[in-house]
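Visitor: Provided below: my_file10.pdb, containing PDB, N, CA and C atoms, pLDDT in the B column.
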MODEL        1
ATOM      1  N   MET A   1      -3.205  33.638  18.937  1.00 84.00           N
ATOM      2  CA  MET A   1      -4.150  33.571  17.843  1.00 84.00           C
ATOM      3  C   MET A   1      -4.040  32.174  17.226  1.00 84.00           C
ATOM      4  N   ASN A   2      -5.178  31.513  17.106  1.00 94.00           N
ATOM      5  CA  ASN A   2      -5.143  30.163  16.543  1.00 94.00           C
ATOM      6  C   ASN A   2      -5.221  30.206  15.012  1.00 94.00           C
ATOM      7  N   ALA A   3      -5.124  29.028  14.416  1.00 96.00           N
ATOM      8  CA  ALA A   3      -5.020  28.928  12.959  1.00 96.00           C
ATOM      9  C   ALA A   3      -6.270  29.442  12.250  1.00 96.00           C
ATOM     10  N   SER A   4      -7.453  29.224  12.824  1.00 95.00           N
ATOM     11  CA  SER A   4      -8.672  29.665  12.144  1.00 95.00           C
ATOM     12  C   SER A   4      -8.767  31.190  12.110  1.00 95.00           C
ATOM     13  N   LEU A   5      -8.379  31.844  13.186  1.00 95.00           N
ATOM     14  CA  LEU A   5      -8.404  33.314  13.186  1.00 95.00           C
ATOM     15  C   LEU A   5      -7.336  33.887  12.257  1.00 95.00           C
ATOM     16  N   LEU A   6      -6.186  33.237  12.190  1.00 96.00           N
ATOM     17  CA  LEU A   6      -5.156  33.665  11.259  1.00 96.00           C
ATOM     18  C   LEU A   6      -5.661  33.525   9.820  1.00 96.00           C
ATOM     19  N   ALA A   7      -6.324  32.421   9.517  1.00 96.00           N
ATOM     20  CA  ALA A   7      -6.881  32.223   8.172  1.00 96.00           C
ATOM     21  C   ALA A   7      -7.954  33.260   7.868  1.00 96.00           C
ATOM     22  N   ALA A   8      -8.772  33.620   8.858  1.00 96.00           N
ATOM     23  CA  ALA A   8      -9.795  34.647   8.653  1.00 96.00           C
ATOM     24  C   ALA A   8      -9.154  36.005   8.386  1.00 96.00           C
ATOM     25  N   CYS A   9      -8.070  36.309   9.075  1.00 96.00           N
ATOM     26  CA  CYS A   9      -7.359  37.570   8.829  1.00 96.00           C
ATOM     27  C   CYS A   9      -6.745  37.584   7.427  1.00 96.00           C
ATOM     28  N   LEU A  10      -6.193  36.461   7.000  1.00 96.00           N
ATOM     29  CA  LEU A  10      -5.642  36.374   5.647  1.00 96.00           C
ATOM     30  C   LEU A  10      -6.747  36.496   4.596  1.00 96.00           C
ATOM     31  N   TRP A  11      -7.929  35.931   4.889  1.00 94.00           N
ATOM     32  CA  TRP A  11      -9.076  36.059   3.990  1.00 94.00           C
ATOM     33  C   TRP A  11      -9.461  37.536   3.851  1.00 94.00           C
ATOM     34  N   ALA A  12      -9.500  38.254   4.973  1.00 94.00           N
ATOM     35  CA  ALA A  12      -9.857  39.677   4.948  1.00 94.00           C
ATOM     36  C   ALA A  12      -8.798  40.488   4.203  1.00 94.00           C
ATOM     37  N   LEU A  13      -7.537  40.153   4.390  1.00 95.00           N
ATOM     38  CA  LEU A  13      -6.470  40.844   3.673  1.00 95.00           C
ATOM     39  C   LEU A  13      -6.588  40.589   2.173  1.00 95.00           C
ATOM     40  N   GLY A  14      -6.845  39.342   1.800  1.00 92.00           N
ATOM     41  CA  GLY A  14      -7.048  39.024   0.382  1.00 92.00           C
ATOM     42  C   GLY A  14      -8.247  39.757  -0.209  1.00 92.00           C
ATOM     43  N   ALA A  15      -9.330  39.838   0.549  1.00 91.00           N
ATOM     44  CA  ALA A  15     -10.512  40.560   0.079  1.00 91.00           C
ATOM     45  C   ALA A  15     -10.206  42.036  -0.119  1.00 91.00           C
ATOM     46  N   THR A  16      -9.396  42.604   0.759  1.00 90.00           N
ATOM     47  CA  THR A  16      -9.013  44.005   0.630  1.00 90.00           C
ATOM     48  C   THR A  16      -8.159  44.220  -0.608  1.00 90.00           C
ATOM     49  N   LEU A  17      -7.242  43.325  -0.860  1.00 89.00           N
ATOM     50  CA  LEU A  17      -6.403  43.443  -2.058  1.00 89.00           C
ATOM     51  C   LEU A  17      -7.235  43.293  -3.327  1.00 89.00           C
ATOM     52  N   ILE A  18      -8.211  42.389  -3.302  1.00 88.00           N
ATOM     53  CA  ILE A  18      -9.097  42.225  -4.454  1.00 88.00           C
ATOM     54  C   ILE A  18      -9.914  43.488  -4.686  1.00 88.00           C
ATOM     55  N   ALA A  19     -10.353  44.119  -3.612  1.00 86.00           N
ATOM     56  CA  ALA A  19     -11.149  45.341  -3.735  1.00 86.00           C
ATOM     57  C   ALA A  19     -10.357  46.476  -4.370  1.00 86.00           C
ATOM     58  N   MET A  20      -9.044  46.455  -4.202  1.00 88.00           N
ATOM     59  CA  MET A  20      -8.206  47.485  -4.811  1.00 88.00           C
ATOM     60  C   MET A  20      -7.900  47.189  -6.273  1.00 88.00           C
ATOM     61  N   GLY A  21      -8.247  46.008  -6.729  1.00 83.00           N
ATOM     62  CA  GLY A  21      -7.982  45.613  -8.107  1.00 83.00           C
ATOM     63  C   GLY A  21      -9.020  46.157  -9.068  1.00 83.00           C
ATOM     64  N   PRO A  22      -8.890  45.778 -10.328  1.00 85.00           N
ATOM     65  CA  PRO A  22      -9.849  46.239 -11.341  1.00 85.00           C
ATOM     66  C   PRO A  22     -11.268  45.751 -11.056  1.00 85.00           C
ATOM     67  N   THR A  23     -12.223  46.549 -11.436  1.00 81.00           N
ATOM     68  CA  THR A  23     -13.631  46.240 -11.185  1.00 81.00           C
ATOM     69  C   THR A  23     -14.072  44.971 -11.888  1.00 81.00           C
ATOM     70  N   ARG A  24     -13.497  44.660 -13.016  1.00 83.00           N
ATOM     71  CA  ARG A  24     -13.924  43.466 -13.755  1.00 83.00           C
ATOM     72  C   ARG A  24     -13.670  42.178 -12.985  1.00 83.00           C
ATOM     73  N   TRP A  25     -12.822  42.197 -11.963  1.00 79.00           N
ATOM     74  CA  TRP A  25     -12.542  41.007 -11.159  1.00 79.00           C
ATOM     75  C   TRP A  25     -13.492  40.848  -9.992  1.00 79.00           C
ATOM     76  N   HIS A  26     -14.192  41.895  -9.618  1.00 82.00           N
ATOM     77  CA  HIS A  26     -14.906  41.898  -8.343  1.00 82.00           C
ATOM     78  C   HIS A  26     -15.949  40.805  -8.212  1.00 82.00           C
ATOM     79  N   TRP A  27     -16.799  40.600  -9.222  1.00 83.00           N
ATOM     80  CA  TRP A  27     -17.864  39.602  -9.061  1.00 83.00           C
ATOM     81  C   TRP A  27     -17.318  38.184  -9.080  1.00 83.00           C
ATOM     82  N   ARG A  28     -16.340  37.914  -9.931  1.00 87.00           N
ATOM     83  CA  ARG A  28     -15.731  36.574  -9.914  1.00 87.00           C
ATOM     84  C   ARG A  28     -15.033  36.320  -8.588  1.00 87.00           C
ATOM     85  N   ALA A  29     -14.342  37.330  -8.108  1.00 87.00           N
ATOM     86  CA  ALA A  29     -13.650  37.202  -6.824  1.00 87.00           C
ATOM     87  C   ALA A  29     -14.646  37.070  -5.673  1.00 87.00           C
ATOM     88  N   ALA A  30     -15.811  37.713  -5.793  1.00 88.00           N
ATOM     89  CA  ALA A  30     -16.822  37.606  -4.734  1.00 88.00           C
ATOM     90  C   ALA A  30     -17.278  36.159  -4.588  1.00 88.00           C
ATOM     91  N   TRP A  31     -17.442  35.454  -5.701  1.00 90.00           N
ATOM     92  CA  TRP A  31     -17.848  34.051  -5.613  1.00 90.00           C
ATOM     93  C   TRP A  31     -16.762  33.204  -4.955  1.00 90.00           C
ATOM     94  N   VAL A  32     -15.513  33.506  -5.259  1.00 92.00           N
ATOM     95  CA  VAL A  32     -14.406  32.778  -4.617  1.00 92.00           C
ATOM     96  C   VAL A  32     -14.369  33.086  -3.125  1.00 92.00           C
ATOM     97  N   LEU A  33     -14.562  34.358  -2.768  1.00 92.00           N
ATOM     98  CA  LEU A  33     -14.557  34.741  -1.355  1.00 92.00           C
ATOM     99  C   LEU A  33     -15.711  34.090  -0.599  1.00 92.00           C
ATOM    100  N   ILE A  34     -16.867  34.008  -1.219  1.00 91.00           N
ATOM    101  CA  ILE A  34     -18.007  33.351  -0.578  1.00 91.00           C
ATOM    102  C   ILE A  34     -17.713  31.860  -0.409  1.00 91.00           C
ATOM    103  N   GLY A  35     -17.194  31.242  -1.458  1.00 93.00           N
ATOM    104  CA  GLY A  35     -16.901  29.806  -1.405  1.00 93.00           C
ATOM    105  C   GLY A  35     -15.847  29.433  -0.375  1.00 93.00           C
ATOM    106  N   THR A  36     -14.902  30.308  -0.146  1.00 94.00           N
ATOM    107  CA  THR A  36     -13.893  30.035   0.871  1.00 94.00           C
ATOM    108  C   THR A  36     -14.295  30.559   2.242  1.00 94.00           C
ATOM    109  N   GLY A  37     -15.125  31.597   2.249  1.00 94.00           N
ATOM    110  CA  GLY A  37     -15.501  32.220   3.519  1.00 94.00           C
ATOM    111  C   GLY A  37     -16.494  31.422   4.343  1.00 94.00           C
ATOM    112  N   VAL A  38     -17.390  30.709   3.690  1.00 94.00           N
ATOM    113  CA  VAL A  38     -18.396  29.938   4.429  1.00 94.00           C
ATOM    114  C   VAL A  38     -17.755  28.812   5.248  1.00 94.00           C
ATOM    115  N   PRO A  39     -16.900  27.977   4.656  1.00 96.00           N
ATOM    116  CA  PRO A  39     -16.245  26.960   5.499  1.00 96.00           C
ATOM    117  C   PRO A  39     -15.310  27.575   6.547  1.00 96.00           C
ATOM    118  N   LEU A  40     -14.677  28.677   6.179  1.00 96.00           N
ATOM    119  CA  LEU A  40     -13.804  29.363   7.125  1.00 96.00           C
ATOM    120  C   LEU A  40     -14.595  29.884   8.320  1.00 96.00           C
ATOM    121  N   LEU A  41     -15.769  30.400   8.071  1.00 96.00           N
ATOM    122  CA  LEU A  41     -16.646  30.868   9.152  1.00 96.00           C
ATOM    123  C   LEU A  41     -17.034  29.711  10.068  1.00 96.00           C
ATOM    124  N   GLY A  42     -17.332  28.563   9.506  1.00 96.00           N
ATOM    125  CA  GLY A  42     -17.641  27.390  10.319  1.00 96.00           C
ATOM    126  C   GLY A  42     -16.460  26.957  11.169  1.00 96.00           C
ATOM    127  N   TRP A  43     -15.270  27.014  10.600  1.00 97.00           N
ATOM    128  CA  TRP A  43     -14.060  26.638  11.326  1.00 97.00           C
ATOM    129  C   TRP A  43     -13.794  27.599  12.488  1.00 97.00           C
ATOM    130  N   VAL A  44     -13.927  28.905  12.207  1.00 97.00           N
ATOM    131  CA  VAL A  44     -13.727  29.903  13.259  1.00 97.00           C
ATOM    132  C   VAL A  44     -14.743  29.711  14.374  1.00 97.00           C
ATOM    133  N   THR A  45     -15.999  29.484  14.013  1.00 97.00           N
ATOM    134  CA  THR A  45     -17.044  29.298  15.020  1.00 97.00           C
ATOM    135  C   THR A  45     -16.791  28.027  15.831  1.00 97.00           C
ATOM    136  N   LEU A  46     -16.360  26.978  15.188  1.00 97.00           N
ATOM    137  CA  LEU A  46     -16.084  25.720  15.888  1.00 97.00           C
ATOM    138  C   LEU A  46     -14.943  25.879  16.889  1.00 97.00           C
ATOM    139  N   GLN A  47     -13.891  26.573  16.501  1.00 96.00           N
ATOM    140  CA  GLN A  47     -12.730  26.694  17.375  1.00 96.00           C
ATOM    141  C   GLN A  47     -12.860  27.790  18.427  1.00 96.00           C
ATOM    142  N   ASN A  48     -13.615  28.857  18.134  1.00 96.00           N
ATOM    143  CA  ASN A  48     -13.600  30.022  19.009  1.00 96.00           C
ATOM    144  C   ASN A  48     -14.948  30.362  19.621  1.00 96.00           C
ATOM    145  N   GLY A  49     -15.993  29.664  19.225  1.00 95.00           N
ATOM    146  CA  GLY A  49     -17.303  29.906  19.801  1.00 95.00           C
ATOM    147  C   GLY A  49     -18.175  30.800  18.941  1.00 95.00           C
ATOM    148  N   PRO A  50     -19.458  30.869  19.293  1.00 96.00           N
ATOM    149  CA  PRO A  50     -20.412  31.587  18.451  1.00 96.00           C
ATOM    150  C   PRO A  50     -20.235  33.104  18.446  1.00 96.00           C
ATOM    151  N   TRP A  51     -19.751  33.697  19.516  1.00 97.00           N
ATOM    152  CA  TRP A  51     -19.600  35.155  19.534  1.00 97.00           C
ATOM    153  C   TRP A  51     -18.500  35.612  18.586  1.00 97.00           C
ATOM    154  N   VAL A  52     -17.400  34.907  18.582  1.00 96.00           N
ATOM    155  CA  VAL A  52     -16.321  35.230  17.641  1.00 96.00           C
ATOM    156  C   VAL A  52     -16.787  34.925  16.219  1.00 96.00           C
ATOM    157  N   GLY A  53     -17.538  33.841  16.052  1.00 96.00           N
ATOM    158  CA  GLY A  53     -18.096  33.519  14.745  1.00 96.00           C
ATOM    159  C   GLY A  53     -19.012  34.617  14.230  1.00 96.00           C
ATOM    160  N   LEU A  54     -19.808  35.198  15.113  1.00 96.00           N
ATOM    161  CA  LEU A  54     -20.683  36.305  14.711  1.00 96.00           C
ATOM    162  C   LEU A  54     -19.876  37.540  14.317  1.00 96.00           C
ATOM    163  N   LEU A  55     -18.787  37.798  15.015  1.00 96.00           N
ATOM    164  CA  LEU A  55     -17.927  38.927  14.644  1.00 96.00           C
ATOM    165  C   LEU A  55     -17.292  38.722  13.274  1.00 96.00           C
ATOM    166  N   VAL A  56     -16.831  37.501  13.021  1.00 96.00           N
ATOM    167  CA  VAL A  56     -16.244  37.193  11.717  1.00 96.00           C
ATOM    168  C   VAL A  56     -17.324  37.254  10.629  1.00 96.00           C
ATOM    169  N   LEU A  57     -18.525  36.792  10.941  1.00 94.00           N
ATOM    170  CA  LEU A  57     -19.640  36.891   9.992  1.00 94.00           C
ATOM    171  C   LEU A  57     -19.939  38.346   9.657  1.00 94.00           C
ATOM    172  N   ALA A  58     -19.962  39.215  10.666  1.00 94.00           N
ATOM    173  CA  ALA A  58     -20.211  40.638  10.427  1.00 94.00           C
ATOM    174  C   ALA A  58     -19.112  41.245   9.553  1.00 94.00           C
ATOM    175  N   GLY A  59     -17.872  40.843   9.795  1.00 92.00           N
ATOM    176  CA  GLY A  59     -16.778  41.326   8.961  1.00 92.00           C
ATOM    177  C   GLY A  59     -16.904  40.858   7.523  1.00 92.00           C
ATOM    178  N   GLY A  60     -17.262  39.601   7.345  1.00 91.00           N
ATOM    179  CA  GLY A  60     -17.458  39.079   5.992  1.00 91.00           C
ATOM    180  C   GLY A  60     -18.626  39.733   5.277  1.00 91.00           C
ATOM    181  N   MET A  61     -19.691  40.024   6.025  1.00 90.00           N
ATOM    182  CA  MET A  61     -20.845  40.694   5.422  1.00 90.00           C
ATOM    183  C   MET A  61     -20.497  42.122   5.017  1.00 90.00           C
ATOM    184  N   SER A  62     -19.627  42.776   5.763  1.00 89.00           N
ATOM    185  CA  SER A  62     -19.243  44.135   5.390  1.00 89.00           C
ATOM    186  C   SER A  62     -18.359  44.130   4.149  1.00 89.00           C
ATOM    187  N   VAL A  63     -17.543  43.097   4.002  1.00 88.00           N
ATOM    188  CA  VAL A  63     -16.697  42.989   2.816  1.00 88.00           C
ATOM    189  C   VAL A  63     -17.539  42.649   1.589  1.00 88.00           C
ATOM    190  N   LEU A  64     -18.477  41.739   1.754  1.00 86.00           N
ATOM    191  CA  LEU A  64     -19.313  41.271   0.639  1.00 86.00           C
ATOM    192  C   LEU A  64     -20.695  41.921   0.685  1.00 86.00           C
ATOM    193  N   ARG A  65     -20.748  43.207   0.931  1.00 86.00           N
ATOM    194  CA  ARG A  65     -22.047  43.862   1.110  1.00 86.00           C
ATOM    195  C   ARG A  65     -22.869  43.908  -0.172  1.00 86.00           C
ATOM    196  N   TRP A  66     -22.255  44.102  -1.340  1.00 85.00           N
ATOM    197  CA  TRP A  66     -23.050  44.186  -2.557  1.00 85.00           C
ATOM    198  C   TRP A  66     -23.679  42.854  -2.956  1.00 85.00           C
ATOM    199  N   PRO A  67     -22.973  41.744  -2.896  1.00 84.00           N
ATOM    200  CA  PRO A  67     -23.673  40.478  -3.150  1.00 84.00           C
ATOM    201  C   PRO A  67     -24.810  40.236  -2.160  1.00 84.00           C
ATOM    202  N   LEU A  68     -24.614  40.653  -0.909  1.00 84.00           N
ATOM    203  CA  LEU A  68     -25.666  40.507   0.099  1.00 84.00           C
ATOM    204  C   LEU A  68     -26.858  41.408  -0.212  1.00 84.00           C
ATOM    205  N   ILE A  69     -26.604  42.638  -0.634  1.00 87.00           N
ATOM    206  CA  ILE A  69     -27.688  43.560  -0.987  1.00 87.00           C
ATOM    207  C   ILE A  69     -28.477  43.010  -2.169  1.00 87.00           C
ATOM    208  N   PHE A  70     -27.782  42.507  -3.196  1.00 86.00           N
ATOM    209  CA  PHE A  70     -28.478  41.952  -4.352  1.00 86.00           C
ATOM    210  C   PHE A  70     -29.286  40.714  -3.988  1.00 86.00           C
ATOM    211  N   LEU A  71     -28.769  39.888  -3.091  1.00 83.00           N
ATOM    212  CA  LEU A  71     -29.520  38.721  -2.633  1.00 83.00           C
ATOM    213  C   LEU A  71     -30.782  39.148  -1.897  1.00 83.00           C
ATOM    214  N   LEU A  72     -30.669  40.115  -1.011  1.00 87.00           N
ATOM    215  CA  LEU A  72     -31.852  40.583  -0.277  1.00 87.00           C
ATOM    216  C   LEU A  72     -32.886  41.211  -1.205  1.00 87.00           C
ATOM    217  N   ARG A  73     -32.419  41.967  -2.190  1.00 87.00           N
ATOM    218  CA  ARG A  73     -33.357  42.549  -3.168  1.00 87.00           C
ATOM    219  C   ARG A  73     -34.088  41.459  -3.947  1.00 87.00           C
ATOM    220  N   ARG A  74     -33.355  40.442  -4.348  1.00 86.00           N
ATOM    221  CA  ARG A  74     -33.969  39.356  -5.113  1.00 86.00           C
ATOM    222  C   ARG A  74     -34.977  38.595  -4.258  1.00 86.00           C
ATOM    223  N   LEU A  75     -34.643  38.372  -2.988  1.00 88.00           N
ATOM    224  CA  LEU A  75     -35.571  37.671  -2.101  1.00 88.00           C
ATOM    225  C   LEU A  75     -36.829  38.488  -1.839  1.00 88.00           C
ATOM    226  N   ARG A  76     -36.699  39.801  -1.805  1.00 88.00           N
ATOM    227  CA  ARG A  76     -37.860  40.670  -1.614  1.00 88.00           C
ATOM    228  C   ARG A  76     -38.671  40.865  -2.896  1.00 88.00           C
ATOM    229  N   GLY A  77     -38.082  40.530  -4.023  1.00 84.00           N
ATOM    230  CA  GLY A  77     -38.788  40.689  -5.283  1.00 84.00           C
ATOM    231  C   GLY A  77     -38.508  42.001  -5.965  1.00 84.00           C
ATOM    232  N   HIS A  78     -37.507  42.746  -5.497  1.00 68.00           N
ATOM    233  CA  HIS A  78     -37.175  44.035  -6.102  1.00 68.00           C
ATOM    234  C   HIS A  78     -35.954  43.948  -7.019  1.00 68.00           C
ATOM    235  N   GLY A  79     -35.556  42.745  -7.311  1.00 57.00           N
ATOM    236  CA  GLY A  79     -34.379  42.552  -8.154  1.00 57.00           C
ATOM    237  C   GLY A  79     -34.718  42.734  -9.615  1.00 57.00           C
ATOM    238  N   ARG A  80     -33.991  42.066 -10.443  1.00 61.00           N
ATOM    239  CA  ARG A  80     -34.253  42.142 -11.883  1.00 61.00           C
ATOM    240  C   ARG A  80     -35.634  41.631 -12.205  1.00 61.00           C
ATOM    241  N   ASP A  81     -36.213  42.204 -13.217  1.00 56.00           N
ATOM    242  CA  ASP A  81     -37.556  41.802 -13.623  1.00 56.00           C
ATOM    243  C   ASP A  81     -37.475  40.428 -14.276  1.00 56.00           C
ATOM    244  N   THR A  82     -38.248  39.485 -13.796  1.00 54.00           N
ATOM    245  CA  THR A  82     -38.181  38.102 -14.293  1.00 54.00           C
ATOM    246  C   THR A  82     -39.372  37.748 -15.158  1.00 54.00           C
ATOM    247  N   HIS A  83     -40.080  38.714 -15.694  1.00 51.00           N
ATOM    248  CA  HIS A  83     -41.263  38.429 -16.527  1.00 51.00           C
ATOM    249  C   HIS A  83     -40.870  37.901 -17.868  1.00 51.00           C
TER     250      HIS A  83
ENDMDL
END
Would you mind writing the file's structure down as structure tokens?
Guide:
Amino acid sequence: MNASLLAACLWALGATLIAMGPTRWHWRAAWVLIGTGVPLLGWVTLQNGPWVGLLVLAGGMSVLRWPLIFLLRRLRGHGRDTH
């Protein structure tokens, strides 16, 4: 296992520990996970190829599903009312 995959596993472990924490931390932690996960995803894809990168992307999307759902709702126009 190379360093990028080890870092991705540590990222997933950290995300799991954050999920077990108090709810008031979740959204702040989600921004930190996104900020660290995007460069990490690029590193994994660079070192291991696009198929492994897609697997890591799917794992990250499953961990951060609520921010992703809210983003998709906002893009579709079903988010908060902006009138």
Visitor: How far is it from atom N of A:Met1 to atom CA of A:Val44, in Å with one decimal?
Guide: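 Here the two named atoms are 12.5 Å from each other.
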Visitor: Have a look at atom CA of A:Trp31 and atom C of A:Arg65 and let me know their distance in Å, one decimal.
Guide: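 Computed distance, atom CA of A:Trp31 to atom C of A:Arg65, equals 12.3 Å.
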Visitor: Hey, could you pull the box centre and edge lengths for stretch 63-77 of chain A, axis-aligned, 8 Å padding per side, all listed atoms, to one decimal in Å, as JSON?
Guide:
{"center_x": -27.7, "center_y": 40.9, "center_z": -1.0, "size_x": 38.1, "size_y": 22.5, "size_z": 26.0}
Visitor: So which residues touch A:Ala12 within 10 Å, counting only C-alpha atoms, skipping near sequence neighbours fewer than 6 positions away, as a ChimeraX atom specification?
Guide: /A:6,18,33,37,56,59-60,63
Visitor: Quote the spacing between atom N of A:Phe70 and atom CA of A:Ala58 in Å to one decimal place.
Guide: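 These two atoms are separated by 15.7 Å.
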Visitor: So, counting only C-alpha atoms, which residue among A:Leu17, A:Leu72, A:Val52, A:Ala8 is closest to A:Leu40?
Guide: A:Ala8
Visitor: What's around A:Ala30 at 12 Å? Count only C-alpha atoms, leave out sequence neighbours fewer than 6 positions away in its own chain, and write the answer as a compact mmCIF listing (two decimals) with N, CA and C atoms, in the coordinates of the input.
Guide:
# COMPACT_ATOMS: atom_id res chain seq x y z
N TRP A 11 -7.93 35.93 4.89
CA TRP A 11 -9.08 36.06 3.99
C TRP A 11 -9.46 37.54 3.85
N GLY A 14 -6.84 39.34 1.80
CA GLY A 14 -7.05 39.02 0.38
C GLY A 14 -8.25 39.76 -0.21
N ALA A 15 -9.33 39.84 0.55
CA ALA A 15 -10.51 40.56 0.08
C ALA A 15 -10.21 42.04 -0.12
N THR A 16 -9.40 42.60 0.76
CA THR A 16 -9.01 44.00 0.63
C THR A 16 -8.16 44.22 -0.61
N ILE A 18 -8.21 42.39 -3.30
CA ILE A 18 -9.10 42.22 -4.45
C ILE A 18 -9.91 43.49 -4.69
N ALA A 19 -10.35 44.12 -3.61
CA ALA A 19 -11.15 45.34 -3.74
C ALA A 19 -10.36 46.48 -4.37
N THR A 23 -12.22 46.55 -11.44
CA THR A 23 -13.63 46.24 -11.18
C THR A 23 -14.07 44.97 -11.89
N ARG A 24 -13.50 44.66 -13.02
CA ARG A 24 -13.92 43.47 -13.76
C ARG A 24 -13.67 42.18 -12.98
N THR A 36 -14.90 30.31 -0.15
CA THR A 36 -13.89 30.04 0.87
C THR A 36 -14.30 30.56 2.24
N GLY A 37 -15.12 31.60 2.25
CA GLY A 37 -15.50 32.22 3.52
C GLY A 37 -16.49 31.42 4.34
N GLY A 60 -17.26 39.60 7.34
CA GLY A 60 -17.46 39.08 5.99
C GLY A 60 -18.63 39.73 5.28
N MET A 61 -19.69 40.02 6.02
CA MET A 61 -20.84 40.69 5.42
C MET A 61 -20.50 42.12 5.02
N VAL A 63 -17.54 43.10 4.00
CA VAL A 63 -16.70 42.99 2.82
C VAL A 63 -17.54 42.65 1.59
N LEU A 64 -18.48 41.74 1.75
CA LEU A 64 -19.31 41.27 0.64
C LEU A 64 -20.70 41.92 0.68
N ARG A 65 -20.75 43.21 0.93
CA ARG A 65 -22.05 43.86 1.11
C ARG A 65 -22.87 43.91 -0.17
N TRP A 66 -22.26 44.10 -1.34
CA TRP A 66 -23.05 44.19 -2.56
C TRP A 66 -23.68 42.85 -2.96
N PRO A 67 -22.97 41.74 -2.90
CA PRO A 67 -23.67 40.48 -3.15
C PRO A 67 -24.81 40.24 -2.16
N LEU A 68 -24.61 40.65 -0.91
CA LEU A 68 -25.67 40.51 0.10
C LEU A 68 -26.86 41.41 -0.21
Visitor: Only C-alpha atoms, please: stretch 22-71 of chain A from the block, as a PDB file, in the first residue's frame.
Guide:
ATOM      1  CA  PRO A  22     -21.477  15.498  18.527  1.00  0.00           C
ATOM      2  CA  THR A  23     -23.746  16.748  15.767  1.00  0.00           C
ATOM      3  CA  ARG A  24     -22.663  20.351  16.253  1.00  0.00           C
ATOM      4  CA  TRP A  25     -19.241  19.448  14.778  1.00  0.00           C
ATOM      5  CA  HIS A  26     -20.500  17.748  11.642  1.00  0.00           C
ATOM      6  CA  TRP A  27     -20.844  20.695   9.248  1.00  0.00           C
ATOM      7  CA  ARG A  28     -17.576  22.339  10.278  1.00  0.00           C
ATOM      8  CA  ALA A  29     -15.839  18.995  10.011  1.00  0.00           C
ATOM      9  CA  ALA A  30     -17.453  18.396   6.601  1.00  0.00           C
ATOM     10  CA  TRP A  31     -15.741  21.511   5.249  1.00  0.00           C
ATOM     11  CA  VAL A  32     -12.404  20.311   6.622  1.00  0.00           C
ATOM     12  CA  LEU A  33     -12.960  16.854   5.120  1.00  0.00           C
ATOM     13  CA  ILE A  34     -13.823  18.366   1.743  1.00  0.00           C
ATOM     14  CA  GLY A  35     -10.797  20.669   1.862  1.00  0.00           C
ATOM     15  CA  THR A  36      -8.443  17.813   2.625  1.00  0.00           C
ATOM     16  CA  GLY A  37     -10.238  15.190   0.557  1.00  0.00           C
ATOM     17  CA  VAL A  38     -10.068  16.936  -2.810  1.00  0.00           C
ATOM     18  CA  PRO A  39      -6.250  17.162  -2.958  1.00  0.00           C
ATOM     19  CA  LEU A  40      -6.030  13.685  -1.462  1.00  0.00           C
ATOM     20  CA  LEU A  41      -8.267  12.358  -4.235  1.00  0.00           C
ATOM     21  CA  GLY A  42      -5.982  13.945  -6.825  1.00  0.00           C
ATOM     22  CA  TRP A  43      -2.937  12.378  -5.187  1.00  0.00           C
ATOM     23  CA  VAL A  44      -4.548   8.927  -5.080  1.00  0.00           C
ATOM     24  CA  THR A  45      -5.609   9.217  -8.721  1.00  0.00           C
ATOM     25  CA  LEU A  46      -2.143  10.374  -9.780  1.00  0.00           C
ATOM     26  CA  GLN A  47      -0.359   7.518  -8.030  1.00  0.00           C
ATOM     27  CA  ASN A  48      -2.840   4.678  -8.562  1.00  0.00           C
ATOM     28  CA  GLY A  49      -4.786   5.513 -11.704  1.00  0.00           C
ATOM     29  CA  PRO A  50      -8.323   6.604 -12.486  1.00  0.00           C
ATOM     30  CA  TRP A  51     -10.115   3.411 -11.407  1.00  0.00           C
ATOM     31  CA  VAL A  52      -8.728   3.546  -7.887  1.00  0.00           C
ATOM     32  CA  GLY A  53      -9.425   7.284  -7.886  1.00  0.00           C
ATOM     33  CA  LEU A  54     -13.060   6.585  -8.759  1.00  0.00           C
ATOM     34  CA  LEU A  55     -13.312   4.081  -5.906  1.00  0.00           C
ATOM     35  CA  VAL A  56     -11.886   6.609  -3.460  1.00  0.00           C
ATOM     36  CA  LEU A  57     -14.259   9.252  -4.867  1.00  0.00           C
ATOM     37  CA  ALA A  58     -17.222   6.918  -4.296  1.00  0.00           C
ATOM     38  CA  GLY A  59     -16.061   6.325  -0.731  1.00  0.00           C
ATOM     39  CA  GLY A  60     -15.719  10.040  -0.092  1.00  0.00           C
ATOM     40  CA  MET A  61     -19.146  10.710  -1.581  1.00  0.00           C
ATOM     41  CA  SER A  62     -20.693   8.110   0.711  1.00  0.00           C
ATOM     42  CA  VAL A  63     -19.064   9.724   3.737  1.00  0.00           C
ATOM     43  CA  LEU A  64     -20.058  13.253   2.693  1.00  0.00           C
ATOM     44  CA  ARG A  65     -23.487  12.359   1.334  1.00  0.00           C
ATOM     45  CA  TRP A  66     -25.434  15.164   3.038  1.00  0.00           C
ATOM     46  CA  PRO A  67     -23.278  18.019   1.740  1.00  0.00           C
ATOM     47  CA  LEU A  68     -23.549  16.385  -1.693  1.00  0.00           C
ATOM     48  CA  ILE A  69     -27.347  16.079  -1.420  1.00  0.00           C
ATOM     49  CA  PHE A  70     -27.658  19.739  -0.397  1.00  0.00           C
ATOM     50  CA  LEU A  71     -25.417  20.800  -3.283  1.00  0.00           C
TER      51      LEU A  71
END
